[in-house]
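Asker: target-v9.pdb (PDB, C-alpha atoms) pasted underneath:
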ATOM      1  CA  ASN A   3     -60.133  33.395   3.001  1.00  0.00           C
ATOM      2  CA  LEU A   4     -62.530  30.447   3.161  1.00  0.00           C
ATOM      3  CA  ARG A   5     -59.606  28.002   2.980  1.00  0.00           C
ATOM      4  CA  TYR A   6     -58.011  29.830   5.903  1.00  0.00           C
ATOM      5  CA  PHE A   7     -61.104  29.502   8.107  1.00  0.00           C
ATOM      6  CA  VAL A   8     -61.597  25.832   7.284  1.00  0.00           C
ATOM      7  CA  SER A   9     -57.919  25.108   7.893  1.00  0.00           C
ATOM      8  CA  LEU A  10     -58.196  26.676  11.358  1.00  0.00           C
ATOM      9  CA  LEU A  11     -60.395  23.728  12.334  1.00  0.00           C
ATOM     10  CA  ARG A  12     -58.885  21.050  10.102  1.00  0.00           C
ATOM     11  CA  ASP A  13     -55.114  21.618  10.291  1.00  0.00           C
ATOM     12  CA  PRO A  14     -53.540  19.654  13.184  1.00  0.00           C
ATOM     13  CA  GLN A  15     -50.934  22.433  13.494  1.00  0.00           C
ATOM     14  CA  SER A  16     -53.625  25.045  14.180  1.00  0.00           C
ATOM     15  CA  GLU A  17     -54.286  26.110  17.767  1.00  0.00           C
ATOM     16  CA  HIS A  18     -57.988  25.901  16.849  1.00  0.00           C
ATOM     17  CA  TYR A  19     -57.739  22.358  15.483  1.00  0.00           C
ATOM     18  CA  SER A  20     -60.989  20.545  16.139  1.00  0.00           C
ATOM     19  CA  PRO A  21     -61.194  17.208  14.313  1.00  0.00           C
ATOM     20  CA  ASP A  22     -64.627  16.410  15.779  1.00  0.00           C
ATOM     21  CA  THR A  23     -66.254  19.660  14.686  1.00  0.00           C
ATOM     22  CA  ARG A  24     -68.614  19.098  11.804  1.00  0.00           C
ATOM     23  CA  VAL A  25     -68.247  21.706   9.081  1.00  0.00           C
ATOM     24  CA  LEU A  26     -70.841  22.329   6.380  1.00  0.00           C
ATOM     25  CA  LEU A  27     -70.079  24.929   3.722  1.00  0.00           C
ATOM     26  CA  ILE A  28     -72.882  26.899   2.095  1.00  0.00           C
ATOM     27  CA  THR A  29     -72.545  28.841  -1.129  1.00  0.00           C
ATOM     28  CA  PRO A  30     -74.025  32.316  -1.348  1.00  0.00           C
ATOM     29  CA  PRO A  31     -77.368  32.690  -3.087  1.00  0.00           C
ATOM     30  CA  ALA A  32     -77.618  33.842  -6.662  1.00  0.00           C
ATOM     31  CA  THR A  33     -78.304  37.562  -6.897  1.00  0.00           C
ATOM     32  CA  GLY A  34     -81.076  39.336  -8.742  1.00  0.00           C
ATOM     33  CA  GLU A  35     -79.289  42.232 -10.411  1.00  0.00           C
ATOM     34  CA  ARG A  36     -82.451  43.930 -11.726  1.00  0.00           C
ATOM     35  CA  MET A  37     -83.939  43.715  -8.257  1.00  0.00           C
ATOM     36  CA  ILE A  38     -80.809  45.178  -6.634  1.00  0.00           C
ATOM     37  CA  GLN A  39     -80.784  48.047  -9.102  1.00  0.00           C
ATOM     38  CA  ALA A  40     -84.479  48.798  -8.546  1.00  0.00           C
ATOM     39  CA  LYS A  41     -84.207  48.756  -4.757  1.00  0.00           C
ATOM     40  CA  LYS A  42     -80.861  50.530  -4.503  1.00  0.00           C
ATOM     41  CA  ARG A  43     -80.841  53.806  -2.571  1.00  0.00           C
ATOM     42  CA  ILE A  44     -78.302  56.606  -2.529  1.00  0.00           C
ATOM     43  CA  GLY A  45     -75.434  55.617  -0.250  1.00  0.00           C
ATOM     44  CA  ASP A  46     -76.097  51.885  -0.534  1.00  0.00           C
ATOM     45  CA  ALA A  47     -73.262  49.449  -1.023  1.00  0.00           C
ATOM     46  CA  PRO A  48     -72.093  48.791  -4.583  1.00  0.00           C
ATOM     47  CA  MET A  49     -73.989  46.363  -6.795  1.00  0.00           C
ATOM     48  CA  ILE A  50     -73.267  42.694  -6.135  1.00  0.00           C
ATOM     49  CA  LEU A  51     -73.121  41.024  -9.513  1.00  0.00           C
ATOM     50  CA  ASN A  52     -74.474  37.533 -10.007  1.00  0.00           C
ATOM     51  CA  SER A  53     -71.175  36.621 -11.693  1.00  0.00           C
ATOM     52  CA  ALA A  54     -69.356  37.452  -8.428  1.00  0.00           C
ATOM     53  CA  ALA A  55     -71.809  35.330  -6.419  1.00  0.00           C
ATOM     54  CA  LYS A  56     -71.265  32.482  -8.901  1.00  0.00           C
ATOM     55  CA  ALA A  57     -67.471  32.773  -8.604  1.00  0.00           C
ATOM     56  CA  TYR A  58     -67.664  32.660  -4.804  1.00  0.00           C
ATOM     57  CA  ALA A  59     -70.046  29.689  -4.994  1.00  0.00           C
ATOM     58  CA  GLU A  60     -67.581  27.835  -7.232  1.00  0.00           C
ATOM     59  CA  THR A  61     -64.763  28.589  -4.792  1.00  0.00           C
ATOM     60  CA  ALA A  62     -66.827  27.339  -1.852  1.00  0.00           C
ATOM     61  CA  LYS A  63     -67.519  24.080  -3.706  1.00  0.00           C
ATOM     62  CA  GLN A  64     -63.798  23.712  -4.530  1.00  0.00           C
ATOM     63  CA  VAL A  65     -62.813  24.276  -0.888  1.00  0.00           C
ATOM     64  CA  ALA A  66     -65.421  21.748   0.231  1.00  0.00           C
ATOM     65  CA  ALA A  67     -63.960  19.209  -2.189  1.00  0.00           C
ATOM     66  CA  GLU A  68     -60.360  19.957  -1.107  1.00  0.00           C
ATOM     67  CA  PHE A  69     -61.204  19.402   2.557  1.00  0.00           C
ATOM     68  CA  ASP A  70     -63.703  16.595   1.889  1.00  0.00           C
ATOM     69  CA  LEU A  71     -66.539  18.633   3.415  1.00  0.00           C
ATOM     70  CA  PRO A  72     -70.224  18.622   2.556  1.00  0.00           C
ATOM     71  CA  CYS A  73     -71.516  21.700   0.765  1.00  0.00           C
ATOM     72  CA  VAL A  74     -74.991  23.114   0.256  1.00  0.00           C
ATOM     73  CA  ASP A  75     -75.029  24.761  -3.152  1.00  0.00           C
ATOM     74  CA  LEU A  76     -77.642  27.456  -2.591  1.00  0.00           C
ATOM     75  CA  TYR A  77     -76.468  29.416  -5.644  1.00  0.00           C
ATOM     76  CA  THR A  78     -77.201  26.581  -8.066  1.00  0.00           C
ATOM     77  CA  GLU A  79     -80.479  25.678  -6.347  1.00  0.00           C
ATOM     78  CA  ILE A  80     -81.831  29.221  -6.691  1.00  0.00           C
ATOM     79  CA  GLU A  81     -80.604  29.565 -10.275  1.00  0.00           C
ATOM     80  CA  ALA A  82     -82.223  26.238 -11.197  1.00  0.00           C
ATOM     81  CA  ARG A  83     -85.546  27.266  -9.693  1.00  0.00           C
ATOM     82  CA  VAL A  84     -85.504  30.785 -11.151  1.00  0.00           C
ATOM     83  CA  HIS A  85     -84.677  29.516 -14.643  1.00  0.00           C
ATOM     84  CA  ALA A  86     -86.832  26.374 -14.530  1.00  0.00           C
ATOM     85  CA  PRO A  87     -89.572  26.394 -17.135  1.00  0.00           C
ATOM     86  CA  LYS A  88     -92.837  27.190 -15.448  1.00  0.00           C
ATOM     87  CA  GLU A  89     -96.308  27.262 -16.874  1.00  0.00           C
ATOM     88  CA  ARG A  90     -97.281  30.881 -16.406  1.00  0.00           C
ATOM     89  CA  SER A  91    -100.322  32.963 -17.092  1.00  0.00           C
ATOM     90  CA  VAL A  92    -100.028  36.723 -17.098  1.00  0.00           C
ATOM     91  CA  GLU A  93    -102.621  38.814 -15.324  1.00  0.00           C
ATOM     92  CA  THR A  94    -102.698  42.534 -16.052  1.00  0.00           C
ATOM     93  CA  ASP A  95    -103.927  45.140 -13.610  1.00  0.00           C
ATOM     94  CA  GLU A  96    -105.868  47.411 -15.961  1.00  0.00           C
ATOM     95  CA  ALA A  97    -105.787  50.332 -13.506  1.00  0.00           C
ATOM     96  CA  ASN A  98    -102.020  50.797 -13.535  1.00  0.00           C
ATOM     97  CA  GLY A  99    -100.797  48.535 -16.341  1.00  0.00           C
ATOM     98  CA  ASN A 100     -98.737  46.235 -14.091  1.00  0.00           C
ATOM     99  CA  SER A 101     -98.570  42.570 -14.941  1.00  0.00           C
ATOM    100  CA  THR A 102     -97.953  39.644 -12.636  1.00  0.00           C
ATOM    101  CA  ALA A 103     -96.974  36.184 -13.810  1.00  0.00           C
ATOM    102  CA  THR A 104     -98.818  33.458 -11.952  1.00  0.00           C
ATOM    103  CA  THR A 105     -97.096  30.104 -11.707  1.00  0.00           C
ATOM    104  CA  ASN A 106     -99.258  27.036 -12.108  1.00  0.00           C
ATOM    105  CA  ALA A 107     -96.948  24.677 -10.267  1.00  0.00           C
ATOM    106  CA  ALA A 108     -98.140  21.615  -8.412  1.00  0.00           C
ATOM    107  CA  ASP A 109     -95.262  22.036  -5.956  1.00  0.00           C
ATOM    108  CA  ALA A 110     -96.645  23.758  -2.847  1.00  0.00           C
ATOM    109  CA  SER A 111     -93.201  25.198  -2.065  1.00  0.00           C
ATOM    110  CA  GLN A 112     -93.510  27.439  -5.137  1.00  0.00           C
ATOM    111  CA  PRO A 113     -95.151  30.805  -4.428  1.00  0.00           C
ATOM    112  CA  ALA A 114     -98.294  31.553  -6.404  1.00  0.00           C
ATOM    113  CA  ALA A 115     -97.169  34.877  -7.854  1.00  0.00           C
ATOM    114  CA  ILE A 116     -93.718  35.656  -9.201  1.00  0.00           C
ATOM    115  CA  SER A 117     -92.830  39.008 -10.679  1.00  0.00           C
ATOM    116  CA  ASP A 118     -91.359  39.005 -14.173  1.00  0.00           C
ATOM    117  CA  GLN A 119     -90.025  42.453 -13.328  1.00  0.00           C
ATOM    118  CA  TYR A 120     -87.194  40.861 -11.312  1.00  0.00           C
ATOM    119  CA  ASP A 121     -86.658  37.752 -13.469  1.00  0.00           C
ATOM    120  CA  GLY A 122     -88.131  35.533 -10.742  1.00  0.00           C
ATOM    121  CA  TYR A 123     -85.439  36.262  -8.133  1.00  0.00           C
ATOM    122  CA  ASP A 124     -88.059  37.857  -5.892  1.00  0.00           C
ATOM    123  CA  GLU A 125     -89.317  34.330  -5.341  1.00  0.00           C
ATOM    124  CA  PHE A 126     -86.312  33.816  -3.015  1.00  0.00           C
ATOM    125  CA  LEU A 127     -84.741  37.228  -2.369  1.00  0.00           C
ATOM    126  CA  ILE A 128     -86.100  40.277  -0.581  1.00  0.00           C
ATOM    127  CA  ASP A 129     -83.811  42.859  -2.208  1.00  0.00           C
ATOM    128  CA  GLY A 130     -81.832  40.921  -4.792  1.00  0.00           C
ATOM    129  CA  VAL A 131     -79.195  39.795  -2.269  1.00  0.00           C
ATOM    130  CA  HIS A 132     -80.791  38.687   1.015  1.00  0.00           C
ATOM    131  CA  LEU A 133     -83.103  35.720   1.392  1.00  0.00           C
ATOM    132  CA  ASN A 134     -86.821  36.236   1.960  1.00  0.00           C
ATOM    133  CA  SER A 135     -89.069  33.709   3.750  1.00  0.00           C
ATOM    134  CA  ALA A 136     -89.151  31.314   0.799  1.00  0.00           C
ATOM    135  CA  GLY A 137     -85.377  31.628   0.363  1.00  0.00           C
ATOM    136  CA  ASN A 138     -84.792  30.896   4.033  1.00  0.00           C
ATOM    137  CA  GLN A 139     -87.149  27.908   3.855  1.00  0.00           C
ATOM    138  CA  LEU A 140     -85.266  26.593   0.823  1.00  0.00           C
ATOM    139  CA  LEU A 141     -81.936  27.008   2.629  1.00  0.00           C
ATOM    140  CA  TYR A 142     -83.298  25.282   5.742  1.00  0.00           C
ATOM    141  CA  ASN A 143     -84.579  22.342   3.662  1.00  0.00           C
ATOM    142  CA  LEU A 144     -81.238  22.016   1.876  1.00  0.00           C
ATOM    143  CA  ILE A 145     -79.276  22.110   5.144  1.00  0.00           C
ATOM    144  CA  VAL A 146     -81.508  19.494   6.779  1.00  0.00           C
ATOM    145  CA  ALA A 147     -81.236  17.234   3.715  1.00  0.00           C
ATOM    146  CA  LYS A 148     -77.430  17.573   3.670  1.00  0.00           C
ATOM    147  CA  ILE A 149     -77.175  16.826   7.400  1.00  0.00           C
ATOM    148  CA  LYS A 150     -79.404  13.754   7.013  1.00  0.00           C
ATOM    149  CA  GLN A 151     -77.233  12.582   4.133  1.00  0.00           C
ATOM    150  CA  THR A 152     -73.861  13.347   5.777  1.00  0.00           C
ATOM    151  CA  TRP A 153     -74.480  12.919   9.518  1.00  0.00           C
ATOM    152  CA  PRO A 154     -77.737  10.982   9.977  1.00  0.00           C
ATOM    153  CA  GLU A 155     -76.909  10.411  13.648  1.00  0.00           C
ATOM    154  CA  LEU A 156     -77.592  14.113  14.300  1.00  0.00           C
ATOM    155  CA  LYS A 157     -81.319  13.595  13.630  1.00  0.00           C
ATOM    156  CA  PRO A 158     -81.884  16.953  11.927  1.00  0.00           C
ATOM    157  CA  SER A 159     -85.622  16.400  11.641  1.00  0.00           C
ATOM    158  CA  ALA A 160     -86.040  17.206  15.337  1.00  0.00           C
ATOM    159  CA  PRO A 161     -87.728  20.603  15.826  1.00  0.00           C
ATOM    160  CA  ILE A 162     -85.383  23.561  16.107  1.00  0.00           C
ATOM    161  CA  ARG A 163     -86.120  26.293  18.618  1.00  0.00           C
ATOM    162  CA  ALA A 164     -85.985  29.730  17.064  1.00  0.00           C
ATOM    163  CA  THR A 165     -85.523  31.398  20.425  1.00  0.00           C
ATOM    164  CA  PRO A 166     -83.814  30.169  23.586  1.00  0.00           C
ATOM    165  CA  PRO A 167     -86.086  28.876  26.340  1.00  0.00           C
ATOM    166  CA  ARG A 168     -86.933  31.406  29.090  1.00  0.00           C
TER     167      ARG A 168
END
Hey, can you dump this file as C-alpha cells for me?
Answerer:
Amino acid sequence: NLRYFVSLLRDPQSEHYSPDTRVLLITPPATGERMIQAKKRIGDAPMILNSAAKAYAETAKQVAAEFDLPCVDLYTEIEARVHAPKERSVETDEANGNSTATTNAADASQPAAISDQYDGYDEFLIDGVHLNSAGNQLLYNLIVAKIKQTWPELKPSAPIRATPPR
C-alpha cells in the first residue's frame, strides 16, 4: 500500500506524477501493549501489537530506501528512549501503594516522572498507540532535523503556525 502511494507521485506513468514534490516517510510509533490493554474499553478496536508496528516501520524504511526517500524512524527512536538505561529512584505513595519511577536525566526533553506500570511508553504515548505532547514534540524535532539534513533550503527552523491566520 505504501509503495502504491509513493509510486503515484514518483512513477512518470502515473497521472499524479510530481517529480518536484518532496516526500518524507515516517514510521509509526512503537506501541505500549500494557498501556493499550489497561486503557482498552468494551467495543474498542483490537489490540495493536508492537510487533505489528515494528513490521510496518521496517516496511516504511524499505520503501524509503527503494525510492531513495528520507525517512523518520519514529518507531526506533521511541524504542531507544523507552529502553535506554535511566537512573531512576522509586517513590511510593504510602496512602494507596502506587509507585512512580522518577528519572534523573540531565536532558530537559525527558519528563520527570515515568510510570513503570506502562514500561515507560507513557512518556510518549497517551493510550499506548497515539502520541502525547512529548511524543508529538519528539516527532516534530525528528521531522525538522530530517528536513534540515535533506532539504536545507526549506529552512525548517522558521516558526510554524498551528492555526491559519484570520
Asker: Nearest residue to Pro31 of chain A out of A:Ala82, A:Leu133, A:Leu11, A:Ala67, using only C-alpha atoms?
Answerer: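 The answer is A:Leu133, which sits nearest to Pro31 of chain A.
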Asker: With distances taken over all atoms listed in the file, which residue among A:Phe7, A:Leu26, A:Tyr123, A:Ser16 lies nearest Ala86 of chain A?
Answerer: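 Among the listed residues, A:Tyr123 lies closest to Ala86 of chain A.
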Asker: How would you write, as number ranges by chain, the residues chosen by the PyMOL selection byres ((chain A and resi 147-159) around 12) on this structure?
Answerer: A: 23-28, 70-76, 140-146, 160-162
Asker: Report the distance between atom CA of Leu4 of chain A and atom CA of Ala136 of chain A in Å, rounded to one decimal place.
Answerer: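 We find that atom CA of Leu4 of chain A and atom CA of Ala136 of chain A lie 26.7 Å from each other.
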Asker: Box time for segment 140-145 of chain A: axis-aligned, enclosing all its listed atoms, 6 Å extra on each side; report centre and edge lengths in Å to one decimal, as JSON.
Answerer:
{"center_x": -82.3, "center_y": 24.5, "center_z": 3.3, "size_x": 18.0, "size_y": 17.0, "size_z": 16.9}
Asker: Would you mind reading off the distance between atom CA of Glu68 of chain A and atom CA of Arg5 of chain A, one decimal, in Å?
Answerer: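 Answer for the atom CA of Glu68 of chain A to atom CA of Arg5 of chain A separation: 9.1 Å.
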Asker: May I have the protein, DNA and RNA residues with an atom at most 10 Å from (-78.5, 33.3, -6.6), counting only C-alpha atoms in the file's coordinates, returned as a PDB file with C-alpha atoms, in the frame of the given file?
Answerer:
ATOM      1  CA  THR A  29     -72.545  28.841  -1.129  1.00  0.00           C
ATOM      2  CA  PRO A  30     -74.025  32.316  -1.348  1.00  0.00           C
ATOM      3  CA  PRO A  31     -77.368  32.690  -3.087  1.00  0.00           C
ATOM      4  CA  ALA A  32     -77.618  33.842  -6.662  1.00  0.00           C
ATOM      5  CA  THR A  33     -78.304  37.562  -6.897  1.00  0.00           C
ATOM      6  CA  GLY A  34     -81.076  39.336  -8.742  1.00  0.00           C
ATOM      7  CA  GLU A  35     -79.289  42.232 -10.411  1.00  0.00           C
ATOM      8  CA  LEU A  51     -73.121  41.024  -9.513  1.00  0.00           C
ATOM      9  CA  ASN A  52     -74.474  37.533 -10.007  1.00  0.00           C
ATOM     10  CA  SER A  53     -71.175  36.621 -11.693  1.00  0.00           C
ATOM     11  CA  ALA A  55     -71.809  35.330  -6.419  1.00  0.00           C
ATOM     12  CA  LYS A  56     -71.265  32.482  -8.901  1.00  0.00           C
ATOM     13  CA  ALA A  59     -70.046  29.689  -4.994  1.00  0.00           C
ATOM     14  CA  ASP A  75     -75.029  24.761  -3.152  1.00  0.00           C
ATOM     15  CA  LEU A  76     -77.642  27.456  -2.591  1.00  0.00           C
ATOM     16  CA  TYR A  77     -76.468  29.416  -5.644  1.00  0.00           C
ATOM     17  CA  THR A  78     -77.201  26.581  -8.066  1.00  0.00           C
ATOM     18  CA  GLU A  79     -80.479  25.678  -6.347  1.00  0.00           C
ATOM     19  CA  ILE A  80     -81.831  29.221  -6.691  1.00  0.00           C
ATOM     20  CA  GLU A  81     -80.604  29.565 -10.275  1.00  0.00           C
ATOM     21  CA  ALA A  82     -82.223  26.238 -11.197  1.00  0.00           C
ATOM     22  CA  ARG A  83     -85.546  27.266  -9.693  1.00  0.00           C
ATOM     23  CA  VAL A  84     -85.504  30.785 -11.151  1.00  0.00           C
ATOM     24  CA  TYR A 123     -85.439  36.262  -8.133  1.00  0.00           C
ATOM     25  CA  PHE A 126     -86.312  33.816  -3.015  1.00  0.00           C
ATOM     26  CA  LEU A 127     -84.741  37.228  -2.369  1.00  0.00           C
ATOM     27  CA  GLY A 130     -81.832  40.921  -4.792  1.00  0.00           C
ATOM     28  CA  VAL A 131     -79.195  39.795  -2.269  1.00  0.00           C
ATOM     29  CA  HIS A 132     -80.791  38.687   1.015  1.00  0.00           C
ATOM     30  CA  LEU A 133     -83.103  35.720   1.392  1.00  0.00           C
ATOM     31  CA  GLY A 137     -85.377  31.628   0.363  1.00  0.00           C
TER      32      GLY A 137
END
Asker: Separation of atom CA of Asp124 of chain A and atom CA of Gln64 of chain A, in Å?
Answerer: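 Atom CA of Gln64 of chain A lies 28.1 Å from atom CA of Asp124 of chain A.
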Asker: Would you write out, as a VMD selection string, every residue that the PyMOL selection byres ((chain A and resi 3) around 12) captures in this file?
Answerer: chain A and resid 4 to 10 58 61 to 62 65
Asker: Need the shell around Arg36 of chain A: protein/DNA/RNA residues with any atom at most 8 Å away, counting all atoms listed in the file. Skip same-chain ones fewer than 2 positions apart. Format as an MDAnalysis selection string?
Answerer: chainID A and resid 34 38:40 119:121 130
Asker: Write the selection just made, keeping C-alpha atoms, as an mmCIF file, in the frame of the given file?
Answerer:
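Writing the result to result_18.cif gives the following:
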data_model
loop_
_atom_site.group_PDB
_atom_site.id
_atom_site.type_symbol
_atom_site.label_atom_id
_atom_site.label_comp_id
_atom_site.auth_asym_id
_atom_site.auth_seq_id
_atom_site.Cartn_x
_atom_site.Cartn_y
_atom_site.Cartn_z
ATOM 1 C CA GLY A 34 -81.076 39.336 -8.742
ATOM 2 C CA ILE A 38 -80.809 45.178 -6.634
ATOM 3 C CA GLN A 39 -80.784 48.047 -9.102
ATOM 4 C CA ALA A 40 -84.479 48.798 -8.546
ATOM 5 C CA GLN A 119 -90.025 42.453 -13.328
ATOM 6 C CA TYR A 120 -87.194 40.861 -11.312
ATOM 7 C CA ASP A 121 -86.658 37.752 -13.469
ATOM 8 C CA GLY A 130 -81.832 40.921 -4.792
#
Asker: Working from the structure I just supplied, which lacks atoms in segment 26-36 of chain A, can you model all heavy atoms there and output them as a PDB file, keeping the file's coordinate frame?
Answerer:
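Result file result-v2.pdb:
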ATOM      1  N   LEU A  26     -70.002  22.362   7.571  1.00  0.00           N
ATOM      2  CA  LEU A  26     -70.841  22.329   6.380  1.00  0.00           C
ATOM      3  C   LEU A  26     -70.699  23.681   5.691  1.00  0.00           C
ATOM      4  O   LEU A  26     -71.001  24.716   6.294  1.00  0.00           O
ATOM      5  CB  LEU A  26     -72.307  22.091   6.774  1.00  0.00           C
ATOM      6  CG  LEU A  26     -73.368  22.243   5.686  1.00  0.00           C
ATOM      7  CD1 LEU A  26     -73.199  21.169   4.620  1.00  0.00           C
ATOM      8  CD2 LEU A  26     -74.752  22.161   6.302  1.00  0.00           C
ATOM      9  N   LEU A  27     -70.204  23.672   4.458  1.00  0.00           N
ATOM     10  CA  LEU A  27     -70.079  24.929   3.722  1.00  0.00           C
ATOM     11  C   LEU A  27     -71.361  25.201   2.947  1.00  0.00           C
ATOM     12  O   LEU A  27     -72.034  24.273   2.492  1.00  0.00           O
ATOM     13  CB  LEU A  27     -68.888  24.881   2.769  1.00  0.00           C
ATOM     14  CG  LEU A  27     -67.515  24.725   3.410  1.00  0.00           C
ATOM     15  CD1 LEU A  27     -66.422  24.801   2.348  1.00  0.00           C
ATOM     16  CD2 LEU A  27     -67.281  25.778   4.478  1.00  0.00           C
ATOM     17  N   ILE A  28     -71.684  26.470   2.810  1.00  0.00           N
ATOM     18  CA  ILE A  28     -72.882  26.899   2.095  1.00  0.00           C
ATOM     19  C   ILE A  28     -72.475  27.982   1.111  1.00  0.00           C
ATOM     20  O   ILE A  28     -71.827  28.957   1.498  1.00  0.00           O
ATOM     21  CB  ILE A  28     -73.953  27.444   3.063  1.00  0.00           C
ATOM     22  CG1 ILE A  28     -74.312  26.388   4.109  1.00  0.00           C
ATOM     23  CG2 ILE A  28     -75.189  27.911   2.297  1.00  0.00           C
ATOM     24  CD1 ILE A  28     -75.201  26.908   5.231  1.00  0.00           C
ATOM     25  N   THR A  29     -72.848  27.813  -0.142  1.00  0.00           N
ATOM     26  CA  THR A  29     -72.545  28.841  -1.129  1.00  0.00           C
ATOM     27  C   THR A  29     -73.487  30.023  -0.924  1.00  0.00           C
ATOM     28  O   THR A  29     -74.557  29.876  -0.337  1.00  0.00           O
ATOM     29  CB  THR A  29     -72.715  28.316  -2.574  1.00  0.00           C
ATOM     30  OG1 THR A  29     -74.100  28.089  -2.826  1.00  0.00           O
ATOM     31  CG2 THR A  29     -71.902  27.059  -2.811  1.00  0.00           C
ATOM     32  N   PRO A  30     -73.110  31.188  -1.427  1.00  0.00           N
ATOM     33  CA  PRO A  30     -74.025  32.316  -1.348  1.00  0.00           C
ATOM     34  C   PRO A  30     -75.191  32.085  -2.310  1.00  0.00           C
ATOM     35  O   PRO A  30     -75.084  31.279  -3.239  1.00  0.00           O
ATOM     36  CB  PRO A  30     -73.169  33.497  -1.811  1.00  0.00           C
ATOM     37  CG  PRO A  30     -72.166  32.885  -2.724  1.00  0.00           C
ATOM     38  CD  PRO A  30     -71.870  31.530  -2.128  1.00  0.00           C
ATOM     39  N   PRO A  31     -76.275  32.803  -2.122  1.00  0.00           N
ATOM     40  CA  PRO A  31     -77.368  32.690  -3.087  1.00  0.00           C
ATOM     41  C   PRO A  31     -77.014  33.410  -4.382  1.00  0.00           C
ATOM     42  O   PRO A  31     -76.126  34.267  -4.409  1.00  0.00           O
ATOM     43  CB  PRO A  31     -78.537  33.394  -2.380  1.00  0.00           C
ATOM     44  CG  PRO A  31     -77.877  34.383  -1.475  1.00  0.00           C
ATOM     45  CD  PRO A  31     -76.591  33.722  -1.027  1.00  0.00           C
ATOM     46  N   ALA A  32     -77.704  33.062  -5.430  1.00  0.00           N
ATOM     47  CA  ALA A  32     -77.618  33.842  -6.662  1.00  0.00           C
ATOM     48  C   ALA A  32     -78.171  35.230  -6.345  1.00  0.00           C
ATOM     49  O   ALA A  32     -78.918  35.402  -5.379  1.00  0.00           O
ATOM     50  CB  ALA A  32     -78.452  33.174  -7.750  1.00  0.00           C
ATOM     51  N   THR A  33     -77.790  36.217  -7.132  1.00  0.00           N
ATOM     52  CA  THR A  33     -78.304  37.562  -6.897  1.00  0.00           C
ATOM     53  C   THR A  33     -79.174  38.012  -8.060  1.00  0.00           C
ATOM     54  O   THR A  33     -78.920  37.652  -9.209  1.00  0.00           O
ATOM     55  CB  THR A  33     -77.170  38.585  -6.686  1.00  0.00           C
ATOM     56  OG1 THR A  33     -76.368  38.649  -7.857  1.00  0.00           O
ATOM     57  CG2 THR A  33     -76.315  38.215  -5.486  1.00  0.00           C
ATOM     58  N   GLY A  34     -80.180  38.780  -7.738  1.00  0.00           N
ATOM     59  CA  GLY A  34     -81.076  39.336  -8.742  1.00  0.00           C
ATOM     60  C   GLY A  34     -80.660  40.763  -9.057  1.00  0.00           C
ATOM     61  O   GLY A  34     -81.028  41.692  -8.344  1.00  0.00           O
ATOM     62  N   GLU A  35     -79.881  40.925 -10.110  1.00  0.00           N
ATOM     63  CA  GLU A  35     -79.289  42.232 -10.411  1.00  0.00           C
ATOM     64  C   GLU A  35     -80.344  43.301 -10.712  1.00  0.00           C
ATOM     65  O   GLU A  35     -80.206  44.442 -10.272  1.00  0.00           O
ATOM     66  CB  GLU A  35     -78.297  42.095 -11.557  1.00  0.00           C
ATOM     67  CG  GLU A  35     -77.086  41.281 -11.159  1.00  0.00           C
ATOM     68  CD  GLU A  35     -76.116  41.021 -12.294  1.00  0.00           C
ATOM     69  OE1 GLU A  35     -76.281  41.609 -13.383  1.00  0.00           O
ATOM     70  OE2 GLU A  35     -75.184  40.217 -12.084  1.00  0.00           O
ATOM     71  N   ARG A  36     -81.404  42.936 -11.438  1.00  0.00           N
ATOM     72  CA  ARG A  36     -82.451  43.930 -11.726  1.00  0.00           C
ATOM     73  C   ARG A  36     -83.152  44.353 -10.437  1.00  0.00           C
ATOM     74  O   ARG A  36     -83.522  45.507 -10.274  1.00  0.00           O
ATOM     75  CB  ARG A  36     -83.459  43.366 -12.720  1.00  0.00           C
ATOM     76  CG  ARG A  36     -82.894  43.302 -14.127  1.00  0.00           C
ATOM     77  CD  ARG A  36     -83.787  42.627 -15.112  1.00  0.00           C
ATOM     78  NE  ARG A  36     -85.135  43.187 -15.145  1.00  0.00           N
ATOM     79  CZ  ARG A  36     -86.110  42.683 -15.876  1.00  0.00           C
ATOM     80  NH1 ARG A  36     -85.904  41.637 -16.639  1.00  0.00           N
ATOM     81  NH2 ARG A  36     -87.307  43.231 -15.864  1.00  0.00           N
TER      82      ARG A  36
END
